[in-house]
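Asker: Okay, so here is input-v4.txt, and as you'll see once you scroll down, it has compact mmCIF, C-alpha atoms.
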# COMPACT_ATOMS: atom_id res chain seq x y z
CA MET A 98 210.58 -118.17 188.29
CA THR A 99 209.31 -118.04 184.69
CA LEU A 100 211.90 -119.19 182.19
CA LYS A 101 212.30 -116.60 179.43
CA ILE A 102 213.72 -117.75 176.09
CA GLY A 103 214.60 -115.47 173.18
CA ILE A 104 214.22 -117.00 169.71
CA VAL A 105 216.87 -115.56 167.35
CA GLY A 106 218.22 -116.23 163.88
CA LEU A 107 218.49 -114.82 160.38
CA PRO A 108 215.29 -113.87 158.54
CA ASN A 109 213.38 -116.75 156.91
CA VAL A 110 214.91 -119.53 159.00
CA GLY A 111 211.62 -120.45 160.68
CA LYS A 112 211.68 -118.41 163.92
CA SER A 113 208.17 -117.02 163.67
CA THR A 114 206.79 -120.31 162.37
CA LEU A 115 208.30 -122.02 165.41
CA PHE A 116 206.97 -119.31 167.72
CA ASN A 117 203.45 -119.57 166.31
CA ALA A 118 203.52 -123.35 166.50
CA LEU A 119 204.80 -123.34 170.07
CA THR A 120 202.34 -120.76 171.34
CA ARG A 121 199.52 -121.85 169.01
CA THR A 122 198.63 -118.22 168.41
CA ARG A 123 198.61 -117.95 164.60
CA GLY A 124 197.62 -114.32 165.10
CA ALA A 125 194.53 -115.22 167.15
CA GLU A 126 194.04 -114.06 170.72
CA VAL A 127 193.91 -116.93 173.19
CA ALA A 128 192.98 -116.32 176.82
CA ASN A 129 194.45 -117.99 179.93
CA TYR A 130 196.90 -120.89 180.05
CA PRO A 131 198.01 -123.19 178.60
CA PHE A 132 198.66 -120.78 175.74
CA CYS A 133 198.42 -117.02 175.89
CA THR A 134 199.95 -114.24 173.80
CA ILE A 135 200.61 -111.06 175.77
CA ASP A 136 202.33 -109.09 173.01
CA PRO A 137 202.72 -109.52 169.24
CA ASN A 138 206.10 -111.18 169.78
CA VAL A 139 205.80 -112.61 173.31
CA GLY A 140 203.96 -115.80 174.25
CA ILE A 141 203.51 -117.63 177.55
CA VAL A 142 203.35 -121.42 177.31
CA GLU A 143 202.71 -123.94 180.06
CA VAL A 144 205.41 -126.49 180.81
CA PRO A 145 204.05 -129.96 179.96
CA ASP A 146 204.46 -132.12 183.08
CA GLU A 147 202.29 -135.19 183.60
CA ARG A 148 203.30 -135.24 187.27
CA LEU A 149 201.12 -132.17 187.85
CA LEU A 150 197.98 -133.96 186.60
CA ASN A 151 198.84 -137.10 188.54
CA LEU A 152 199.00 -135.04 191.73
CA ALA A 153 195.71 -133.34 190.87
CA HIS A 154 193.98 -136.74 190.45
CA ILE A 155 194.83 -137.47 194.09
CA VAL A 156 194.24 -134.03 195.63
CA HIS A 157 191.23 -132.87 193.54
CA PRO A 158 192.13 -129.16 193.88
CA GLU A 159 190.09 -126.17 192.77
CA LYS A 160 192.92 -125.13 190.42
CA VAL A 161 195.91 -126.69 188.70
CA ILE A 162 198.68 -124.19 187.89
CA PRO A 163 201.61 -125.29 185.72
CA ALA A 164 205.04 -123.76 185.49
CA THR A 165 205.38 -121.51 182.44
CA VAL A 166 207.91 -120.53 179.81
CA GLU A 167 207.93 -117.16 178.10
CA PHE A 168 209.03 -117.17 174.47
CA VAL A 169 210.19 -113.93 172.86
CA ASP A 170 210.26 -113.93 169.06
CA ILE A 171 213.11 -111.58 168.14
CA ALA A 172 212.72 -110.21 164.60
CA GLY A 173 215.31 -111.54 162.15
CA LEU A 174 218.84 -110.30 162.75
CA ILE A 175 221.07 -109.54 159.80
CA ARG A 176 224.76 -108.91 159.24
CA GLY A 177 225.55 -105.55 160.82
CA ALA A 178 222.82 -105.78 163.47
CA HIS A 179 225.27 -104.67 166.18
CA LYS A 180 225.62 -101.36 164.29
CA GLY A 181 221.86 -100.94 164.03
CA GLU A 182 221.37 -102.51 160.60
CA GLY A 183 217.76 -103.65 160.23
CA LEU A 184 216.82 -102.07 163.57
CA GLY A 185 219.39 -104.41 165.08
CA ASN A 186 219.98 -102.38 168.25
CA GLN A 187 216.30 -102.59 169.14
CA PHE A 188 216.19 -106.33 168.58
CA LEU A 189 219.43 -106.97 170.44
CA SER A 190 218.10 -105.06 173.45
CA HIS A 191 215.21 -107.54 173.64
CA ILE A 192 217.66 -110.45 173.83
CA ARG A 193 219.41 -108.92 176.84
CA GLU A 194 216.29 -109.53 178.93
CA VAL A 195 216.05 -113.32 178.41
CA HIS A 196 217.53 -116.18 180.45
CA ALA A 197 218.57 -118.25 177.45
CA ILE A 198 218.78 -117.97 173.67
CA CYS A 199 217.16 -120.38 171.25
CA HIS A 200 219.17 -119.95 168.05
CA VAL A 201 217.15 -121.18 165.08
CA VAL A 202 219.34 -122.37 162.21
CA ARG A 203 217.86 -123.36 158.87
CA LEU A 204 218.91 -126.72 157.49
CA PHE A 205 216.01 -127.37 155.13
CA ASP A 206 216.38 -126.27 151.49
CA HIS A 207 213.33 -124.97 149.65
CA SER A 208 213.41 -122.80 146.54
CA ASP A 209 210.26 -120.95 147.62
CA VAL A 210 211.88 -119.72 150.86
CA ILE A 211 214.38 -116.98 150.04
CA HIS A 212 217.67 -116.91 151.94
CA THR A 213 218.96 -113.45 152.86
CA GLU A 214 222.54 -114.45 151.98
CA GLY A 215 221.49 -115.91 148.62
CA THR A 216 222.67 -119.43 149.43
CA LEU A 217 222.04 -121.97 152.18
CA ASP A 218 225.01 -122.50 154.51
CA ALA A 219 224.05 -123.49 158.06
CA ARG A 220 227.52 -123.05 159.52
CA ARG A 221 227.92 -119.58 158.00
CA ASP A 222 224.47 -118.57 159.24
CA ARG A 223 225.25 -119.74 162.77
CA GLU A 224 228.53 -117.85 162.79
CA THR A 225 226.87 -114.69 161.42
CA ILE A 226 224.42 -114.49 164.31
CA GLU A 227 227.00 -115.36 166.94
CA MET A 228 229.41 -112.78 165.55
CA GLU A 229 226.70 -110.11 165.78
CA LEU A 230 226.07 -111.03 169.40
CA ALA A 231 229.80 -110.91 170.18
CA LEU A 232 230.27 -107.55 168.41
CA ALA A 233 227.36 -106.10 170.38
CA ASP A 234 229.07 -107.32 173.57
CA LEU A 235 232.32 -105.75 172.40
CA ALA A 236 230.67 -102.34 172.30
CA VAL A 237 229.17 -102.85 175.78
CA LEU A 238 232.52 -103.91 177.27
CA GLN A 239 234.42 -101.03 175.69
CA ASN A 240 231.85 -98.60 177.07
CA GLN A 241 232.10 -100.17 180.53
CA MET A 242 235.87 -99.94 180.49
CA GLN A 243 235.76 -96.24 179.69
CA LYS A 244 233.56 -95.68 182.74
CA LEU A 245 235.59 -97.96 185.01
CA GLU A 246 239.09 -96.77 184.12
CA GLY A 247 238.48 -93.34 185.60
CA ALA A 248 236.95 -94.74 188.78
CA ALA A 249 239.73 -97.31 189.13
CA ARG A 250 242.35 -94.53 189.28
CA THR A 251 240.78 -93.40 192.55
CA LYS A 252 241.91 -96.71 194.11
CA ASP A 253 238.31 -97.89 194.39
CA LYS A 254 238.87 -101.63 194.91
CA GLU A 255 235.42 -102.64 193.69
CA LYS A 256 235.81 -100.66 190.48
CA GLN A 257 239.29 -102.08 189.97
CA LYS A 258 237.84 -105.57 190.29
CA GLU A 259 235.08 -104.76 187.79
CA LEU A 260 237.68 -103.35 185.39
CA ASN A 261 239.76 -106.54 185.60
CA VAL A 262 236.69 -108.65 184.83
CA ALA A 263 235.81 -106.44 181.86
CA LYS A 264 239.38 -106.69 180.51
CA LYS A 265 239.39 -110.48 180.87
CA ILE A 266 236.12 -110.90 178.97
CA LEU A 267 237.03 -108.26 176.37
CA ALA A 268 240.25 -110.10 175.47
CA THR A 269 238.24 -113.24 174.70
CA VAL A 270 235.48 -111.47 172.76
CA GLU A 271 238.09 -109.65 170.64
CA GLU A 272 239.33 -113.10 169.58
CA GLY A 273 235.86 -113.82 168.21
CA LYS A 274 234.94 -116.17 171.07
CA PRO A 275 231.72 -115.84 173.10
CA ALA A 276 231.87 -114.42 176.63
CA SER A 277 230.50 -117.74 177.90
CA THR A 278 233.89 -119.38 177.23
CA VAL A 279 235.63 -117.20 179.84
CA PHE A 280 236.20 -118.91 183.18
CA LEU A 281 235.03 -116.64 185.99
CA GLU A 282 234.90 -117.07 189.75
CA GLU A 283 231.45 -116.73 191.31
CA ASP A 284 232.04 -113.11 192.40
CA ASP A 285 233.28 -112.21 188.92
CA THR A 286 230.27 -113.88 187.32
CA GLN A 287 227.96 -111.70 189.42
CA ILE A 288 229.80 -108.62 188.16
CA ALA A 289 229.53 -109.73 184.53
CA ASN A 290 225.82 -110.53 184.93
CA HIS A 291 225.12 -106.82 185.47
CA TRP A 292 226.22 -106.16 181.89
CA SER A 293 223.74 -108.66 180.36
CA LEU A 294 226.24 -109.80 177.74
CA LEU A 295 224.52 -111.57 174.87
CA SER A 296 227.26 -114.10 174.16
CA GLN A 297 227.37 -115.06 177.84
CA LYS A 298 223.80 -116.35 177.81
CA PRO A 299 223.24 -120.12 177.56
CA MET A 300 222.39 -121.10 173.98
CA LEU A 301 220.20 -123.84 172.59
CA TYR A 302 220.42 -124.61 168.86
CA ALA A 303 217.04 -125.35 167.27
CA ILE A 304 217.82 -126.84 163.86
CA ASN A 305 214.91 -126.39 161.43
CA CYS A 306 214.90 -129.50 159.24
CA SER A 307 212.67 -131.01 156.62
CA GLU A 308 210.72 -134.08 157.77
CA GLN A 309 213.11 -136.28 155.78
CA GLN A 310 216.16 -134.71 157.45
CA LEU A 311 214.47 -135.13 160.83
CA MET A 312 214.37 -138.89 160.29
CA GLN A 313 217.80 -139.25 158.68
CA LEU A 314 220.19 -136.83 160.44
CA SER A 315 221.80 -137.67 163.76
CA ILE A 316 222.93 -135.13 166.34
CA HIS A 317 226.51 -135.94 165.31
CA ASP A 318 225.67 -135.15 161.66
CA ILE A 319 224.34 -131.75 162.70
CA GLN A 320 227.37 -131.08 164.90
CA GLU A 321 229.62 -131.77 161.94
CA ARG A 322 227.64 -129.64 159.51
CA LEU A 323 227.45 -126.63 161.83
CA GLN A 324 230.86 -127.22 163.44
CA LEU A 325 229.39 -127.31 166.93
CA SER A 326 231.05 -128.83 169.98
CA ALA A 327 229.85 -132.10 171.46
CA SER A 328 228.67 -130.19 174.56
CA SER A 329 226.28 -127.98 172.55
CA PHE A 330 222.55 -128.31 173.20
CA ILE A 331 221.02 -129.27 169.85
CA LEU A 332 217.33 -129.74 169.09
CA PRO A 333 216.41 -130.91 165.56
CA PHE A 334 212.82 -129.97 164.74
CA SER A 335 210.56 -129.13 161.82
CA ALA A 336 208.61 -125.88 162.15
CA LYS A 337 206.34 -127.04 159.33
CA LEU A 338 205.65 -130.31 161.15
CA GLU A 339 204.88 -128.48 164.40
CA GLU A 340 202.25 -126.44 162.58
CA GLU A 341 200.73 -129.61 161.13
CA LEU A 342 200.61 -131.25 164.56
CA ASN A 343 198.62 -128.32 165.93
CA GLU A 344 195.95 -128.88 163.29
CA LEU A 345 195.44 -132.55 164.14
CA PRO A 346 193.40 -134.22 166.90
CA GLU A 347 195.65 -135.47 169.72
CA GLU A 348 195.58 -139.16 168.71
CA GLU A 349 196.37 -138.38 165.06
CA ALA A 350 199.18 -136.05 166.14
CA MET A 351 200.69 -138.81 168.31
CA GLN A 352 200.40 -141.28 165.42
CA LEU A 353 202.28 -138.88 163.12
CA LEU A 354 205.02 -138.46 165.72
CA ARG A 355 205.36 -142.24 166.03
CA GLU A 356 205.70 -142.56 162.24
CA LEU A 357 208.60 -140.10 162.42
CA HIS A 358 210.14 -142.01 165.34
CA LEU A 359 209.55 -139.08 167.70
CA THR A 360 208.19 -139.48 171.22
CA SER A 361 207.11 -135.88 171.77
CA SER A 362 206.49 -132.58 170.00
CA GLY A 363 209.08 -129.89 169.40
CA LEU A 364 207.53 -127.84 172.23
CA ASP A 365 208.07 -130.57 174.82
CA ARG A 366 211.60 -131.25 173.65
CA LEU A 367 212.50 -127.55 173.50
CA ILE A 368 211.32 -126.90 177.05
CA THR A 369 213.04 -130.03 178.37
CA ALA A 370 216.29 -129.01 176.67
CA ALA A 371 216.02 -125.45 178.02
CA TYR A 372 215.51 -126.75 181.57
CA ARG A 373 218.59 -128.95 181.23
CA LEU A 374 220.58 -126.09 179.74
CA LEU A 375 219.81 -123.79 182.66
CA GLY A 376 219.86 -126.44 185.37
CA TYR A 377 216.22 -125.92 186.37
CA ILE A 378 214.12 -128.34 188.41
CA THR A 379 210.45 -128.39 189.46
CA PHE A 380 208.93 -128.81 192.90
CA PHE A 381 205.23 -128.91 193.73
CA THR A 382 202.77 -127.64 196.30
CA ALA A 383 199.53 -129.59 196.66
CA GLY A 384 196.38 -128.72 198.57
CA PRO A 385 192.60 -128.37 198.18
CA LYS A 386 192.92 -124.84 196.80
CA GLU A 387 195.54 -125.62 194.15
CA VAL A 388 198.18 -127.98 192.89
CA ARG A 389 201.04 -125.93 191.49
CA ALA A 390 204.44 -126.41 189.85
CA TRP A 391 207.33 -124.13 190.83
CA THR A 392 210.64 -123.72 189.04
CA VAL A 393 213.99 -123.23 190.80
CA VAL A 394 217.64 -123.76 189.92
CA HIS A 395 219.21 -127.09 190.87
CA GLY A 396 220.96 -126.64 194.21
CA THR A 397 218.37 -124.23 195.63
CA LYS A 398 217.92 -124.64 199.38
CA ALA A 399 214.53 -124.93 201.05
CA PRO A 400 214.26 -121.31 202.33
CA GLN A 401 215.00 -119.89 198.87
CA ALA A 402 212.50 -122.29 197.29
CA ALA A 403 209.95 -121.04 199.80
CA GLY A 404 210.88 -117.50 198.78
CA SER A 405 209.95 -118.27 195.17
CA ILE A 406 206.37 -118.60 196.44
CA HIS A 407 206.43 -115.53 198.71
CA THR A 408 209.26 -113.50 200.25
CA ASP A 409 207.66 -113.87 203.71
CA PHE A 410 208.04 -117.66 203.42
CA GLU A 411 211.80 -117.26 203.13
CA LYS A 412 212.14 -114.59 205.82
CA GLY A 413 210.24 -116.60 208.40
CA PHE A 414 211.23 -120.09 207.23
CA ILE A 415 210.97 -122.75 209.97
CA ARG A 416 210.91 -126.06 208.09
CA ALA A 417 209.75 -127.78 204.91
CA GLU A 418 207.51 -130.83 205.15
CA THR A 419 208.62 -132.80 202.11
CA ILE A 420 207.44 -135.90 200.24
CA GLY A 421 209.15 -137.26 197.13
CA TYR A 422 206.86 -137.33 194.10
CA GLU A 423 207.08 -141.12 193.68
CA ASP A 424 206.15 -141.68 197.33
CA TYR A 425 203.29 -139.16 197.13
CA ILE A 426 201.79 -141.05 194.19
CA ALA A 427 202.52 -144.54 195.51
CA PHE A 428 200.82 -143.92 198.88
CA GLY A 429 197.87 -141.89 197.63
CA GLY A 430 198.83 -138.46 198.89
CA GLU A 431 200.08 -136.71 202.01
CA GLN A 432 198.20 -138.78 204.59
CA GLY A 433 199.27 -142.11 203.10
CA ALA A 434 202.88 -140.96 202.78
CA ARG A 435 202.85 -139.71 206.37
CA GLU A 436 201.56 -143.07 207.65
CA LYS A 437 204.34 -144.88 205.76
CA GLY A 438 206.98 -142.59 207.23
CA LYS A 439 207.72 -140.96 203.87
CA LEU A 440 207.03 -137.38 204.96
CA ARG A 441 210.34 -135.75 205.90
CA THR A 442 210.96 -132.59 207.91
CA GLU A 443 213.75 -130.66 206.18
CA GLY A 444 215.63 -127.62 207.49
CA LYS A 445 217.44 -124.60 206.08
CA GLU A 446 220.29 -126.56 204.51
CA TYR A 447 218.10 -128.98 202.55
CA MET A 448 218.59 -128.77 198.77
CA VAL A 449 215.29 -129.15 196.93
CA GLN A 450 215.08 -132.18 194.62
CA ASP A 451 213.19 -132.38 191.34
CA GLY A 452 209.64 -133.58 192.03
CA ASP A 453 209.55 -132.76 195.74
CA VAL A 454 206.04 -132.07 197.04
CA MET A 455 206.55 -129.45 199.74
CA HIS A 456 204.61 -127.65 202.46
CA PHE A 457 206.49 -124.76 204.08
CA ARG A 458 206.11 -123.80 207.72
CA PHE A 459 207.06 -120.20 208.49
CA ASN A 460 206.56 -117.45 211.02
CA VAL A 461 206.76 -113.72 210.25
Take the structure in this file and express it as structure tokens.
Answerer:
Amino acid sequence: MTLKIGIVGLPNVGKSTLFNALTRTRGAEVANYPFCTIDPNVGIVEVPDERLLNLAHIVHPEKVIPATVEFVDIAGLIRGAHKGEGLGNQFLSHIREVHAICHVVRLFDHSDVIHTEGTLDARRDRETIEMELALADLAVLQNQMQKLEGAARTKDKEKQKELNVAKKILATVEEGKPASTVFLEEDDTQIANHWSLLSQKPMLYAINCSEQQLMQLSIHDIQERLQLSASSFILPFSAKLEEELNELPEEEAMQLLRELHLTSSGLDRLITAAYRLLGYITFFTAGPKEVRAWTVVHGTKAPQAAGSIHTDFEKGFIRAETIGYEDYIAFGGEQGAREKGKLRTEGKEYMVQDGDVMHFRFNV
């Protein structure tokens, strides 16, 4: 499962600068992982995970394959995008295809960088984008209701259920609240997912700061300034700094991060935050051919995890031979872990844990 994140925001807030820094493209074509651009506005980036390399040092595989994240740089939205202003409909359609939204909000002030609204107001800018997403959803829901109302009159129970879900979400969106604030049962959520509502998607706020702001502002300060809830996922970063880091040798880049009291780059922190936002975990497969990272949602059971590798693995699932990452490293690999009794045989009800090293047995 490749995590797909759409980067949105007003023009000139730093979206494309962030995208270029994250994917290290800068307009140049780069082949293979870790960084590869497959379209002018789409980039695939490997997920930094030192566990993968630690496993490879033990196994010595032919290949090491990381998990990946796909970033989609959505061109700047403007007020009226839901009506097609600034090719808004085209850009909004791109957002419908992503798993999560990275909303870039500009906090830095620089006279050379023009603001489309004429003045800098981070809260207003955040609300402008979110209102456009909600208004686009409003149009989708109204269209769905027109289709469903006729079918519901025929006493079609499924259509009646869909209509009730649409009405429930519509009432909230009409109040100016995102669809994500509506409580839905699991069956209702599955219905709503078919509509790909923009304001229902998980959102991460990437706050583009100056280097000085990055050192001085706390998460609470940013929450107050943008009027965000305490449960919001907030990532302060500096797009300019990320570009600078890409130009430096690794040791110099780490030294600069330490001077700014940062432990990792914006890329690492963004991916980590996105994984937390969506509840993703990583399990590994390790053998002489390859060591590979796989991404699944927390709570995934062993057969479904096997299915993320190949559908036949899930269909014919027998068992999962499993070693915790810490045990795998501590005992020098599969053989050492087996001798210490750390290799477990897990069945169909086992929920995969982050870091599990797994070998699936199946029969088709």
Asker: Give me, as an MDAnalysis selection string, all polymer residues having an atom no more than 10 Å from stretch 434-440 of chain A, counting all atoms listed in the file and skipping those fewer than 6 positions away in the same chain.
Answerer: chainID A and resid 417:421 424:428 454:455
Asker: Which residues are near A:Arg223? Cut-off 9 Å, all atoms listed in the file, ignore same chain within fewer than 6 positions. Put them as a compact mmCIF listing (two decimals) with C-alpha atoms, in the coordinates of the input.
Answerer:
# COMPACT_ATOMS: atom_id res chain seq x y z
CA GLY A 106 218.22 -116.23 163.88
CA LEU A 107 218.49 -114.82 160.38
CA HIS A 200 219.17 -119.95 168.05
CA VAL A 201 217.15 -121.18 165.08
CA VAL A 202 219.34 -122.37 162.21
CA LEU A 323 227.45 -126.63 161.83
Asker: Skip stretch 380-388 of chain A itself and residues of its chain fewer than 4 positions away, then list as a ChimeraX atom specification all residues within 9 Å of it, counting only C-alpha atoms.
Answerer: /A:149-150,152-153,156-163,392-393,402,422,431,449-456
Asker: I'd like to know which of A:Asp285, A:Glu246, A:Asp206, A:Glu446 is closest to A:Lys265, using all atoms listed in the file.
Answerer: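 Closest to A:Lys265, using all atoms listed in the file: A:Asp285.
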Asker: Would you compute the distance between atom CA of A:Phe205 and atom CA of A:Leu357? Give it in Å to one decimal.
Answerer: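 According to the coordinates, atom CA of A:Phe205 and atom CA of A:Leu357 are separated by 16.4 Å.
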Asker: Rounded to one decimal in Å, what is the spacing between atom CA of A:Arg148 and atom CA of A:Thr165?
Answerer: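 Going from atom CA of A:Arg148 over to atom CA of A:Thr165 covers 14.7 Å.
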Asker: Show which residues sit within 6 Å of A:Pro275, as a list in words. Count only C-alpha atoms, and ignore same-chain residues fewer than 3 positions away.
Answerer: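 With the cut-off at 6 Å, the set is Val270, Thr278 and Ser296 of chain A.
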Asker: From the set A:Lys244, A:Arg389, A:Lys258, A:His395, which residue has the shortest atom-to-atom contact distance to A:Tyr372, counting all atoms listed in the file?
Answerer: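 Looking only at the distances to A:Tyr372, the closest residue turns out to be A:His395.
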Asker: I need the residue nearest A:Arg220 from this list: A:Glu411, A:Glu272, A:Glu321, A:Glu349. Use all atoms listed in the file for the distance.
Answerer: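 Using all atoms listed in the file, A:Arg220 sits closest to A:Glu321.
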Asker: Do you know which residues are at most 12 Å from A:Gly404 counting only C-alpha atoms, after dropping those on the same chain fewer than 2 positions away, and could you put them as a PyMOL selection string?
Answerer: chain A and resi 98+391-393+397-402+406-414+457-459
Asker: Next, dump the selected residues to file, keeping only C-alpha atoms, as a PDB file, keeping the file's coordinate frame.
Answerer:
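selection.pdb was written with the following content:
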ATOM      1  CA  MET A  98     210.580-118.170 188.290  1.00  0.00           C
ATOM      2  CA  TRP A 391     207.330-124.130 190.830  1.00  0.00           C
ATOM      3  CA  THR A 392     210.640-123.720 189.040  1.00  0.00           C
ATOM      4  CA  VAL A 393     213.990-123.230 190.800  1.00  0.00           C
ATOM      5  CA  THR A 397     218.370-124.230 195.630  1.00  0.00           C
ATOM      6  CA  LYS A 398     217.920-124.640 199.380  1.00  0.00           C
ATOM      7  CA  ALA A 399     214.530-124.930 201.050  1.00  0.00           C
ATOM      8  CA  PRO A 400     214.260-121.310 202.330  1.00  0.00           C
ATOM      9  CA  GLN A 401     215.000-119.890 198.870  1.00  0.00           C
ATOM     10  CA  ALA A 402     212.500-122.290 197.290  1.00  0.00           C
ATOM     11  CA  ILE A 406     206.370-118.600 196.440  1.00  0.00           C
ATOM     12  CA  HIS A 407     206.430-115.530 198.710  1.00  0.00           C
ATOM     13  CA  THR A 408     209.260-113.500 200.250  1.00  0.00           C
ATOM     14  CA  ASP A 409     207.660-113.870 203.710  1.00  0.00           C
ATOM     15  CA  PHE A 410     208.040-117.660 203.420  1.00  0.00           C
ATOM     16  CA  GLU A 411     211.800-117.260 203.130  1.00  0.00           C
ATOM     17  CA  LYS A 412     212.140-114.590 205.820  1.00  0.00           C
ATOM     18  CA  GLY A 413     210.240-116.600 208.400  1.00  0.00           C
ATOM     19  CA  PHE A 414     211.230-120.090 207.230  1.00  0.00           C
ATOM     20  CA  PHE A 457     206.490-124.760 204.080  1.00  0.00           C
ATOM     21  CA  ARG A 458     206.110-123.800 207.720  1.00  0.00           C
ATOM     22  CA  PHE A 459     207.060-120.200 208.490  1.00  0.00           C
TER      23      PHE A 459
END
Asker: Smallest atom-to-atom distance to A:Leu119: which of A:Val105, A:Ile155, A:Ile141, A:Leu325, using only C-alpha atoms?
Answerer: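 Nearest to A:Leu119: A:Ile141.
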Asker: What would the list of residues within 8 Å of (231.9, -108.6, 180.9) (file frame) look like as a VMD selection string, if only C-alpha atoms are what count?
Answerer: chain A and resid 234 238 262 to 267 276 288 to 290 292 294
Asker: So that I have them on file, write out the residues from the current selection with C-alpha atoms, as a CSV table (one decimal), in the frame of the given file.
Answerer:
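For reference, again-v5.csv as written:
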chain,number,residue,atom,x,y,z
A,234,ASP,CA,229.1,-107.3,173.6
A,238,LEU,CA,232.5,-103.9,177.3
A,262,VAL,CA,236.7,-108.6,184.8
A,263,ALA,CA,235.8,-106.4,181.9
A,264,LYS,CA,239.4,-106.7,180.5
A,265,LYS,CA,239.4,-110.5,180.9
A,266,ILE,CA,236.1,-110.9,179.0
A,267,LEU,CA,237.0,-108.3,176.4
A,276,ALA,CA,231.9,-114.4,176.6
A,288,ILE,CA,229.8,-108.6,188.2
A,289,ALA,CA,229.5,-109.7,184.5
A,290,ASN,CA,225.8,-110.5,184.9
A,292,TRP,CA,226.2,-106.2,181.9
A,294,LEU,CA,226.2,-109.8,177.7
Asker: Please report the interatomic distance between atom CA of A:Ala303 and atom CA of A:Leu235 in Å with one decimal.
Answerer: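 Between these atoms lies a distance of 25.4 Å.
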Asker: Find the residue from A:Leu311, A:Leu338, A:Val139, A:Leu100 that sits nearest to A:Val195; use all atoms listed in the file when measuring.
Answerer: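 Checking each of A:Leu311, A:Leu338, A:Val139, A:Leu100 against A:Val195, counting all atoms listed in the file, the winner is A:Leu100.
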Asker: Show me, as AutoDock Vina command-line options, the centre and edge lengths in Å to one decimal of the axis-aligned box that covers every listed atom of stretch 388-405 of chain A with 4 Å on each side.
Answerer:
--center_x 209.6 --center_y -122.7 --center_z 195.7 --size_x 30.8 --size_y 18.5 --size_z 21.3
